[in-house]
>>> print(open('start.txt').read())   # compact mmCIF, C-alpha atoms
# COMPACT_ATOMS: atom_id res chain seq x y z
CA TYR P 1 136.34 103.97 113.98
CA LEU P 2 135.90 101.43 111.16
CA ILE P 3 139.63 100.77 111.07
CA GLU P 4 139.67 100.20 114.83
CA ASN P 5 136.82 97.69 114.51
CA LYS P 6 138.60 95.91 111.68
CA ILE P 7 141.75 95.62 113.81
CA LYS P 8 139.70 94.23 116.72
CA LEU P 9 138.06 91.67 114.38
CA ASN P 10 141.46 90.63 113.04
CA GLU P 11 142.85 90.30 116.57
CA GLU P 12 139.78 88.28 117.56
CA LYS P 13 140.13 86.08 114.48
CA SER P 14 143.86 85.55 115.00
CA ARG P 15 143.15 84.51 118.59
CA PHE P 16 141.19 81.52 117.29
CA ILE P 17 143.00 80.64 114.05
CA ASP P 18 146.21 78.65 113.78
CA PRO P 19 148.51 80.63 111.44
CA LEU P 20 150.23 77.56 109.92
CA THR P 21 147.12 75.59 108.93
CA SER P 22 144.27 78.16 109.07
CA LEU P 23 142.40 75.68 111.24
CA LYS P 24 140.85 76.69 114.54
CA ASN P 25 143.25 76.54 117.50
CA ARG P 26 143.29 75.57 121.19
CA ASN P 27 141.87 78.99 122.21
CA TYR P 28 138.85 78.21 120.05
CA LEU P 29 138.55 74.77 121.65
CA ASN P 30 138.75 76.19 125.18
CA ASP P 31 136.18 78.88 124.35
CA ASN P 32 133.75 76.34 122.86
CA LEU P 33 133.93 73.47 125.35
CA SER P 34 131.03 74.78 127.42
CA TYR P 35 128.95 75.39 124.30
CA TRP P 36 129.60 71.82 123.14
CA GLU P 37 128.82 70.60 126.66
CA ASP P 38 125.38 72.24 126.42
CA ASN P 39 124.64 70.50 123.11
CA LYS P 40 122.06 67.76 123.74
CA VAL P 41 122.10 66.31 120.20
CA TYR P 42 123.51 62.77 120.34
CA PRO P 43 125.55 60.91 119.37
CA GLN P 44 128.62 63.12 119.43
CA ALA P 45 132.18 62.00 118.83
CA VAL P 46 135.66 63.27 119.54
CA VAL P 47 138.50 62.13 117.28
CA VAL P 48 142.09 62.83 118.31
CA ILE P 49 144.89 62.66 115.73
CA ASP P 50 148.62 62.70 116.39
CA LEU P 51 150.96 62.89 113.40
CA ASN P 52 153.71 60.31 113.75
CA ASN P 53 157.40 61.21 113.82
CA ILE P 54 157.16 64.99 113.33
CA SER P 55 160.22 65.40 115.57
CA ILE P 56 162.19 62.99 113.32
CA ILE P 57 161.18 65.03 110.24
CA ASN P 58 162.13 68.28 112.02
CA ASP P 59 165.48 66.86 113.19
CA THR P 60 166.51 65.19 109.91
CA LYS P 61 164.86 67.33 107.20
CA GLY P 62 164.31 70.67 108.97
CA HIS P 63 161.32 72.46 110.45
CA GLU P 64 160.05 73.62 107.02
CA GLU P 65 159.50 69.96 106.13
CA GLY P 66 157.84 69.29 109.48
CA ASP P 67 155.54 72.24 108.79
CA ARG P 68 154.84 70.88 105.30
CA GLN P 69 153.77 67.56 106.84
CA ILE P 70 151.46 69.38 109.29
CA LYS P 71 149.97 71.59 106.52
CA SER P 72 149.40 68.54 104.31
CA ALA P 73 147.60 66.78 107.16
CA ALA P 74 145.45 69.87 107.74
CA SER P 75 144.45 70.01 104.10
CA ILE P 76 143.43 66.32 104.20
CA LEU P 77 141.28 67.09 107.25
CA ILE P 78 139.68 70.07 105.50
CA LYS P 79 139.11 68.09 102.28
CA THR P 80 137.44 65.21 104.15
CA GLN P 81 135.56 67.33 106.71
CA ARG P 82 132.07 66.09 107.56
CA GLU P 83 129.01 68.26 108.07
CA ASN P 84 128.37 69.26 111.70
CA SER P 85 132.00 68.98 112.69
CA GLU P 86 134.81 71.21 113.88
CA ILE P 87 138.51 70.63 113.21
CA ILE P 88 141.04 72.08 115.62
CA ARG P 89 144.83 72.02 115.67
CA THR P 90 145.31 71.56 119.40
CA ASP P 91 149.09 71.32 119.43
CA GLY P 92 152.13 71.09 117.17
CA ASN P 93 151.27 67.76 115.56
CA GLU P 94 147.89 67.10 117.18
CA PHE P 95 144.38 67.69 115.91
CA LEU P 96 140.94 67.22 117.40
CA ILE P 97 137.70 66.73 115.49
CA TYR P 98 134.33 67.19 117.18
CA LEU P 99 131.38 65.67 115.33
CA VAL P 100 127.65 65.75 116.05
CA GLY P 101 124.98 63.36 114.80
CA TYR P 102 127.10 60.45 113.59
CA GLU P 103 126.68 56.84 114.68
CA GLU P 104 129.75 54.92 115.80
CA ASN P 105 129.98 52.90 112.56
CA GLN P 106 130.10 56.20 110.61
CA ILE P 107 132.90 57.47 112.88
CA VAL P 108 134.85 54.23 112.38
CA THR P 109 134.49 54.58 108.59
CA TYR P 110 135.62 58.22 108.78
CA VAL P 111 138.66 57.41 110.96
CA ASN P 112 139.63 54.55 108.61
CA LYS P 113 139.35 56.93 105.63
CA LEU P 114 141.57 59.46 107.41
CA MET P 115 144.15 56.76 108.24
CA LYS P 116 144.24 55.80 104.56
CA GLU P 117 144.46 59.45 103.38
CA PHE P 118 147.27 60.19 105.87
CA LYS P 119 149.40 57.50 104.22
CA SER P 120 149.75 59.92 101.28
CA LEU P 121 151.43 62.63 103.39
CA PRO P 122 154.84 63.85 102.09
CA TYR P 123 156.52 61.62 104.70
CA GLU P 124 154.67 58.33 104.94
CA TYR P 125 154.68 58.01 108.71
CA GLY P 126 150.92 58.37 108.92
CA ALA P 127 149.17 59.25 112.15
CA SER P 128 147.80 57.67 115.29
CA MET P 129 144.12 58.22 115.97
CA GLY P 130 141.61 57.53 118.68
CA TYR P 131 137.96 58.37 119.04
CA PHE P 132 135.30 58.31 121.71
CA MET P 133 131.52 58.43 121.41
CA ILE P 134 129.29 60.61 123.58
CA THR P 135 125.80 59.14 123.73
CA SER P 136 124.34 61.01 126.69
CA GLU P 137 125.05 63.91 129.02
CA SER P 138 126.69 61.50 131.47
CA THR P 139 129.88 61.82 129.36
CA THR P 140 131.52 65.25 129.34
CA ILE P 141 133.51 66.57 126.40
CA ASP P 142 136.62 66.51 128.61
CA ASP P 143 136.03 62.84 129.43
CA ALA P 144 135.57 62.05 125.74
CA ILE P 145 138.80 63.89 124.84
CA ASN P 146 140.71 61.99 127.54
CA GLU P 147 139.27 58.63 126.42
CA ALA P 148 140.08 59.42 122.78
CA LEU P 149 143.65 60.35 123.81
CA ILE P 150 144.03 57.04 125.65
CA LYS P 151 142.84 55.12 122.57
CA MET P 152 145.13 57.16 120.33
CA ARG P 153 148.14 56.36 122.55
CA GLU P 154 147.21 52.65 122.50
CA ASN P 155 147.05 52.81 118.69
CA LYS P 156 150.44 54.58 118.61
CA GLY P 157 151.92 51.61 120.43
CA GLU P 158 150.78 49.15 117.71
>>> encode(input="start.txt", output="structure tokens")
Amino acid sequence: YLIENKIKLNEEKSRFIDPLTSLKNRNYLNDNLSYWEDNKVYPQAVVVIDLNNISIINDTKGHEEGDRQIKSAASILIKTQRENSEIIRTDGNEFLIYLVGYEENQIVTYVNKLMKEFKSLPYEYGASMGYFMITSESTTIDDAINEALIKMRENKGE
């Protein structure tokens, strides 16, 4: 019985943990959106990060090196993680950070710090980032994610 429970816990854990980075994954995000939506502590922020040129690294140096870039980015995110925040690897080279209780100027400082830290990745392509503030229940988490993605894509174009 204990072994069965342990297996179930491991399956449950592996459902929510990205094997490459040990960060939470998209399943975790999808399962927590409604919980975050119910949170009435403001401000909240969503930061979206897209590592630049992962496909170039994969194509020219091999997938191991692409993975190394992704793992290095994850460890920067873990090392710089703020209290009351969640870090999720949403896709191959994309991450999402959900933060609660930070003013916009604090989020800007945090994003700038991340941009600077990401310049020290094994391949110095850095990342594109965008964020969006949620200041009342009139903004859904989905809206904030979409707005942050738009800003991130605008920043990618710079």
>>> atom_distance(input="start.txt", atom1="atom CA of Asp50 of chain P", atom2="atom CA of Phe95 of chain P")
6.6 Å
>>> residues_around(input="start.txt", residues="Pro43 of chain P", least_positions_apart="2", cutoff="7 Å", atoms="all atoms listed in the file", output="count of residues only")
9
>>> atom_distance(input="start.txt", atom1="atom CA of Asn93 of chain P", atom2="atom CA of Glu117 of chain P")
16.2 Å
>>> closest_residue(input="start.txt", among="P:Val47, P:Ile87, P:Ser72, P:Arg82", to="Ile17 of chain P", atoms="all atoms listed in the file")
P:Ile87
>>> closest_residue(input="start.txt", among="P:Glu137, P:Ala127, P:Leu114, P:Leu23", to="Arg153 of chain P", atoms="all atoms listed in the file")
P:Ala127
>>> residues_around(input="start.txt", residues="Lys71 of chain P", least_positions_apart="6", cutoff="12 Å", atoms="only C-alpha atoms", output="ChimeraX atom specification")
/P:18-23,51,54,64-65,77-78,89,92-95,118,121-122
>>> residues_near_point(input="start.txt", point="(142.9, 54.5, 110.2)", cutoff="12 Å", atoms="only C-alpha atoms", output="number ranges by chain")
P: 47-50, 107-119, 126-131, 152, 155-156
>>> closest_residue(input="start.txt", among="P:Ile97, P:Ile150, P:Leu33, P:Ile56", to="Tyr125 of chain P", atoms="all atoms listed in the file")
P:Ile56
>>> atom_distance(input="start.txt", atom1="atom CA of Asn39 of chain P", atom2="atom CA of Glu83 of chain P")
15.8 Å
>>> closest_residue(input="start.txt", among="P:Thr90, P:Ala74, P:Thr60, P:Val46", to="Glu147 of chain P", atoms="only C-alpha atoms")
P:Val46
>>> closest_residue(input="start.txt", among="P:Gln44, P:Asn25, P:Asn84, P:Thr140", to="Leu96 of chain P", atoms="only C-alpha atoms")
P:Asn25
>>> closest_residue(input="start.txt", among="P:Ile145, P:Phe132, P:Thr139, P:Glu37", to="Asn105 of chain P", atoms="all atoms listed in the file")
P:Phe132
>>> build_atoms(input="start.txt", residues="segment 15-26 of chain P", atoms="all heavy atoms", output="PDB file, in the frame of the given file")
ATOM      1  N   ARG P  15     143.149  85.210 117.305  1.00  0.00           N
ATOM      2  CA  ARG P  15     143.150  84.510 118.590  1.00  0.00           C
ATOM      3  C   ARG P  15     142.670  83.068 118.439  1.00  0.00           C
ATOM      4  O   ARG P  15     143.034  82.205 119.225  1.00  0.00           O
ATOM      5  CB  ARG P  15     142.210  85.245 119.568  1.00  0.00           C
ATOM      6  CG  ARG P  15     142.897  85.718 120.817  1.00  0.00           C
ATOM      7  CD  ARG P  15     141.921  86.236 121.847  1.00  0.00           C
ATOM      8  NE  ARG P  15     141.507  85.128 122.691  1.00  0.00           N
ATOM      9  CZ  ARG P  15     140.250  84.941 123.101  1.00  0.00           C
ATOM     10  NH1 ARG P  15     139.302  85.756 122.765  1.00  0.00           N
ATOM     11  NH2 ARG P  15     139.964  83.922 123.879  1.00  0.00           N
ATOM     12  N   PHE P  16     141.814  82.839 117.435  1.00  0.00           N
ATOM     13  CA  PHE P  16     141.190  81.520 117.290  1.00  0.00           C
ATOM     14  C   PHE P  16     141.678  80.726 116.081  1.00  0.00           C
ATOM     15  O   PHE P  16     141.244  79.610 115.868  1.00  0.00           O
ATOM     16  CB  PHE P  16     139.668  81.683 117.177  1.00  0.00           C
ATOM     17  CG  PHE P  16     139.047  82.232 118.426  1.00  0.00           C
ATOM     18  CD1 PHE P  16     138.359  83.436 118.412  1.00  0.00           C
ATOM     19  CD2 PHE P  16     139.149  81.548 119.634  1.00  0.00           C
ATOM     20  CE1 PHE P  16     137.788  83.952 119.569  1.00  0.00           C
ATOM     21  CE2 PHE P  16     138.587  82.052 120.793  1.00  0.00           C
ATOM     22  CZ  PHE P  16     137.904  83.253 120.759  1.00  0.00           C
ATOM     23  N   ILE P  17     142.557  81.318 115.269  1.00  0.00           N
ATOM     24  CA  ILE P  17     143.000  80.640 114.050  1.00  0.00           C
ATOM     25  C   ILE P  17     144.489  80.328 114.131  1.00  0.00           C
ATOM     26  O   ILE P  17     145.304  81.186 114.454  1.00  0.00           O
ATOM     27  CB  ILE P  17     142.709  81.516 112.798  1.00  0.00           C
ATOM     28  CG1 ILE P  17     141.213  81.822 112.673  1.00  0.00           C
ATOM     29  CG2 ILE P  17     143.238  80.853 111.521  1.00  0.00           C
ATOM     30  CD1 ILE P  17     140.308  80.630 112.443  1.00  0.00           C
ATOM     31  N   ASP P  18     144.821  79.084 113.819  1.00  0.00           N
ATOM     32  CA  ASP P  18     146.210  78.650 113.780  1.00  0.00           C
ATOM     33  C   ASP P  18     146.849  79.201 112.499  1.00  0.00           C
ATOM     34  O   ASP P  18     146.353  78.933 111.406  1.00  0.00           O
ATOM     35  CB  ASP P  18     146.249  77.118 113.792  1.00  0.00           C
ATOM     36  CG  ASP P  18     147.626  76.592 113.501  1.00  0.00           C
ATOM     37  OD1 ASP P  18     148.565  76.991 114.212  1.00  0.00           O
ATOM     38  OD2 ASP P  18     147.766  75.790 112.558  1.00  0.00           O
ATOM     39  N   PRO P  19     147.929  79.990 112.627  1.00  0.00           N
ATOM     40  CA  PRO P  19     148.510  80.630 111.440  1.00  0.00           C
ATOM     41  C   PRO P  19     149.088  79.646 110.418  1.00  0.00           C
ATOM     42  O   PRO P  19     149.040  79.911 109.225  1.00  0.00           O
ATOM     43  CB  PRO P  19     149.602  81.538 112.010  1.00  0.00           C
ATOM     44  CG  PRO P  19     149.814  81.117 113.417  1.00  0.00           C
ATOM     45  CD  PRO P  19     148.608  80.364 113.861  1.00  0.00           C
ATOM     46  N   LEU P  20     149.596  78.516 110.852  1.00  0.00           N
ATOM     47  CA  LEU P  20     150.230  77.560 109.920  1.00  0.00           C
ATOM     48  C   LEU P  20     149.187  76.858 109.045  1.00  0.00           C
ATOM     49  O   LEU P  20     149.386  76.707 107.848  1.00  0.00           O
ATOM     50  CB  LEU P  20     151.057  76.527 110.698  1.00  0.00           C
ATOM     51  CG  LEU P  20     151.802  75.504 109.836  1.00  0.00           C
ATOM     52  CD1 LEU P  20     152.903  76.193 109.031  1.00  0.00           C
ATOM     53  CD2 LEU P  20     152.383  74.394 110.697  1.00  0.00           C
ATOM     54  N   THR P  21     148.079  76.447 109.645  1.00  0.00           N
ATOM     55  CA  THR P  21     147.120  75.590 108.930  1.00  0.00           C
ATOM     56  C   THR P  21     145.807  76.289 108.587  1.00  0.00           C
ATOM     57  O   THR P  21     145.010  75.737 107.834  1.00  0.00           O
ATOM     58  CB  THR P  21     146.761  74.363 109.795  1.00  0.00           C
ATOM     59  OG1 THR P  21     146.130  74.827 110.999  1.00  0.00           O
ATOM     60  CG2 THR P  21     147.991  73.543 110.132  1.00  0.00           C
ATOM     61  N   SER P  22     145.554  77.448 109.169  1.00  0.00           N
ATOM     62  CA  SER P  22     144.270  78.160 109.070  1.00  0.00           C
ATOM     63  C   SER P  22     143.115  77.415 109.728  1.00  0.00           C
ATOM     64  O   SER P  22     141.955  77.783 109.558  1.00  0.00           O
ATOM     65  CB  SER P  22     143.907  78.481 107.610  1.00  0.00           C
ATOM     66  OG  SER P  22     144.902  79.302 107.056  1.00  0.00           O
ATOM     67  N   LEU P  23     143.428  76.374 110.466  1.00  0.00           N
ATOM     68  CA  LEU P  23     142.400  75.680 111.240  1.00  0.00           C
ATOM     69  C   LEU P  23     142.157  76.452 112.537  1.00  0.00           C
ATOM     70  O   LEU P  23     142.941  77.317 112.909  1.00  0.00           O
ATOM     71  CB  LEU P  23     142.845  74.253 111.596  1.00  0.00           C
ATOM     72  CG  LEU P  23     142.952  73.258 110.448  1.00  0.00           C
ATOM     73  CD1 LEU P  23     143.589  71.961 110.942  1.00  0.00           C
ATOM     74  CD2 LEU P  23     141.590  72.988 109.826  1.00  0.00           C
ATOM     75  N   LYS P  24     141.081  76.097 113.222  1.00  0.00           N
ATOM     76  CA  LYS P  24     140.850  76.690 114.540  1.00  0.00           C
ATOM     77  C   LYS P  24     141.920  76.157 115.493  1.00  0.00           C
ATOM     78  O   LYS P  24     142.502  75.107 115.255  1.00  0.00           O
ATOM     79  CB  LYS P  24     139.441  76.341 115.008  1.00  0.00           C
ATOM     80  CG  LYS P  24     138.422  77.060 114.125  1.00  0.00           C
ATOM     81  CD  LYS P  24     137.043  76.503 114.268  1.00  0.00           C
ATOM     82  CE  LYS P  24     136.119  77.233 113.296  1.00  0.00           C
ATOM     83  NZ  LYS P  24     134.979  76.447 112.925  1.00  0.00           N
ATOM     84  N   ASN P  25     142.173  76.905 116.583  1.00  0.00           N
ATOM     85  CA  ASN P  25     143.250  76.540 117.500  1.00  0.00           C
ATOM     86  C   ASN P  25     142.722  76.204 118.901  1.00  0.00           C
ATOM     87  O   ASN P  25     141.518  76.182 119.134  1.00  0.00           O
ATOM     88  CB  ASN P  25     144.307  77.643 117.542  1.00  0.00           C
ATOM     89  CG  ASN P  25     143.752  78.946 118.104  1.00  0.00           C
ATOM     90  OD1 ASN P  25     142.710  78.979 118.760  1.00  0.00           O
ATOM     91  ND2 ASN P  25     144.463  80.032 117.858  1.00  0.00           N
ATOM     92  N   ARG P  26     143.652  75.960 119.814  1.00  0.00           N
ATOM     93  CA  ARG P  26     143.290  75.570 121.190  1.00  0.00           C
ATOM     94  C   ARG P  26     142.448  76.642 121.888  1.00  0.00           C
ATOM     95  O   ARG P  26     141.564  76.309 122.664  1.00  0.00           O
ATOM     96  CB  ARG P  26     144.560  75.270 121.989  1.00  0.00           C
ATOM     97  CG  ARG P  26     144.267  74.762 123.387  1.00  0.00           C
ATOM     98  CD  ARG P  26     145.501  74.281 124.094  1.00  0.00           C
ATOM     99  NE  ARG P  26     145.918  72.957 123.688  1.00  0.00           N
ATOM    100  CZ  ARG P  26     145.306  71.824 124.055  1.00  0.00           C
ATOM    101  NH1 ARG P  26     144.237  71.866 124.806  1.00  0.00           N
ATOM    102  NH2 ARG P  26     145.765  70.659 123.683  1.00  0.00           N
TER     103      ARG P  26
END
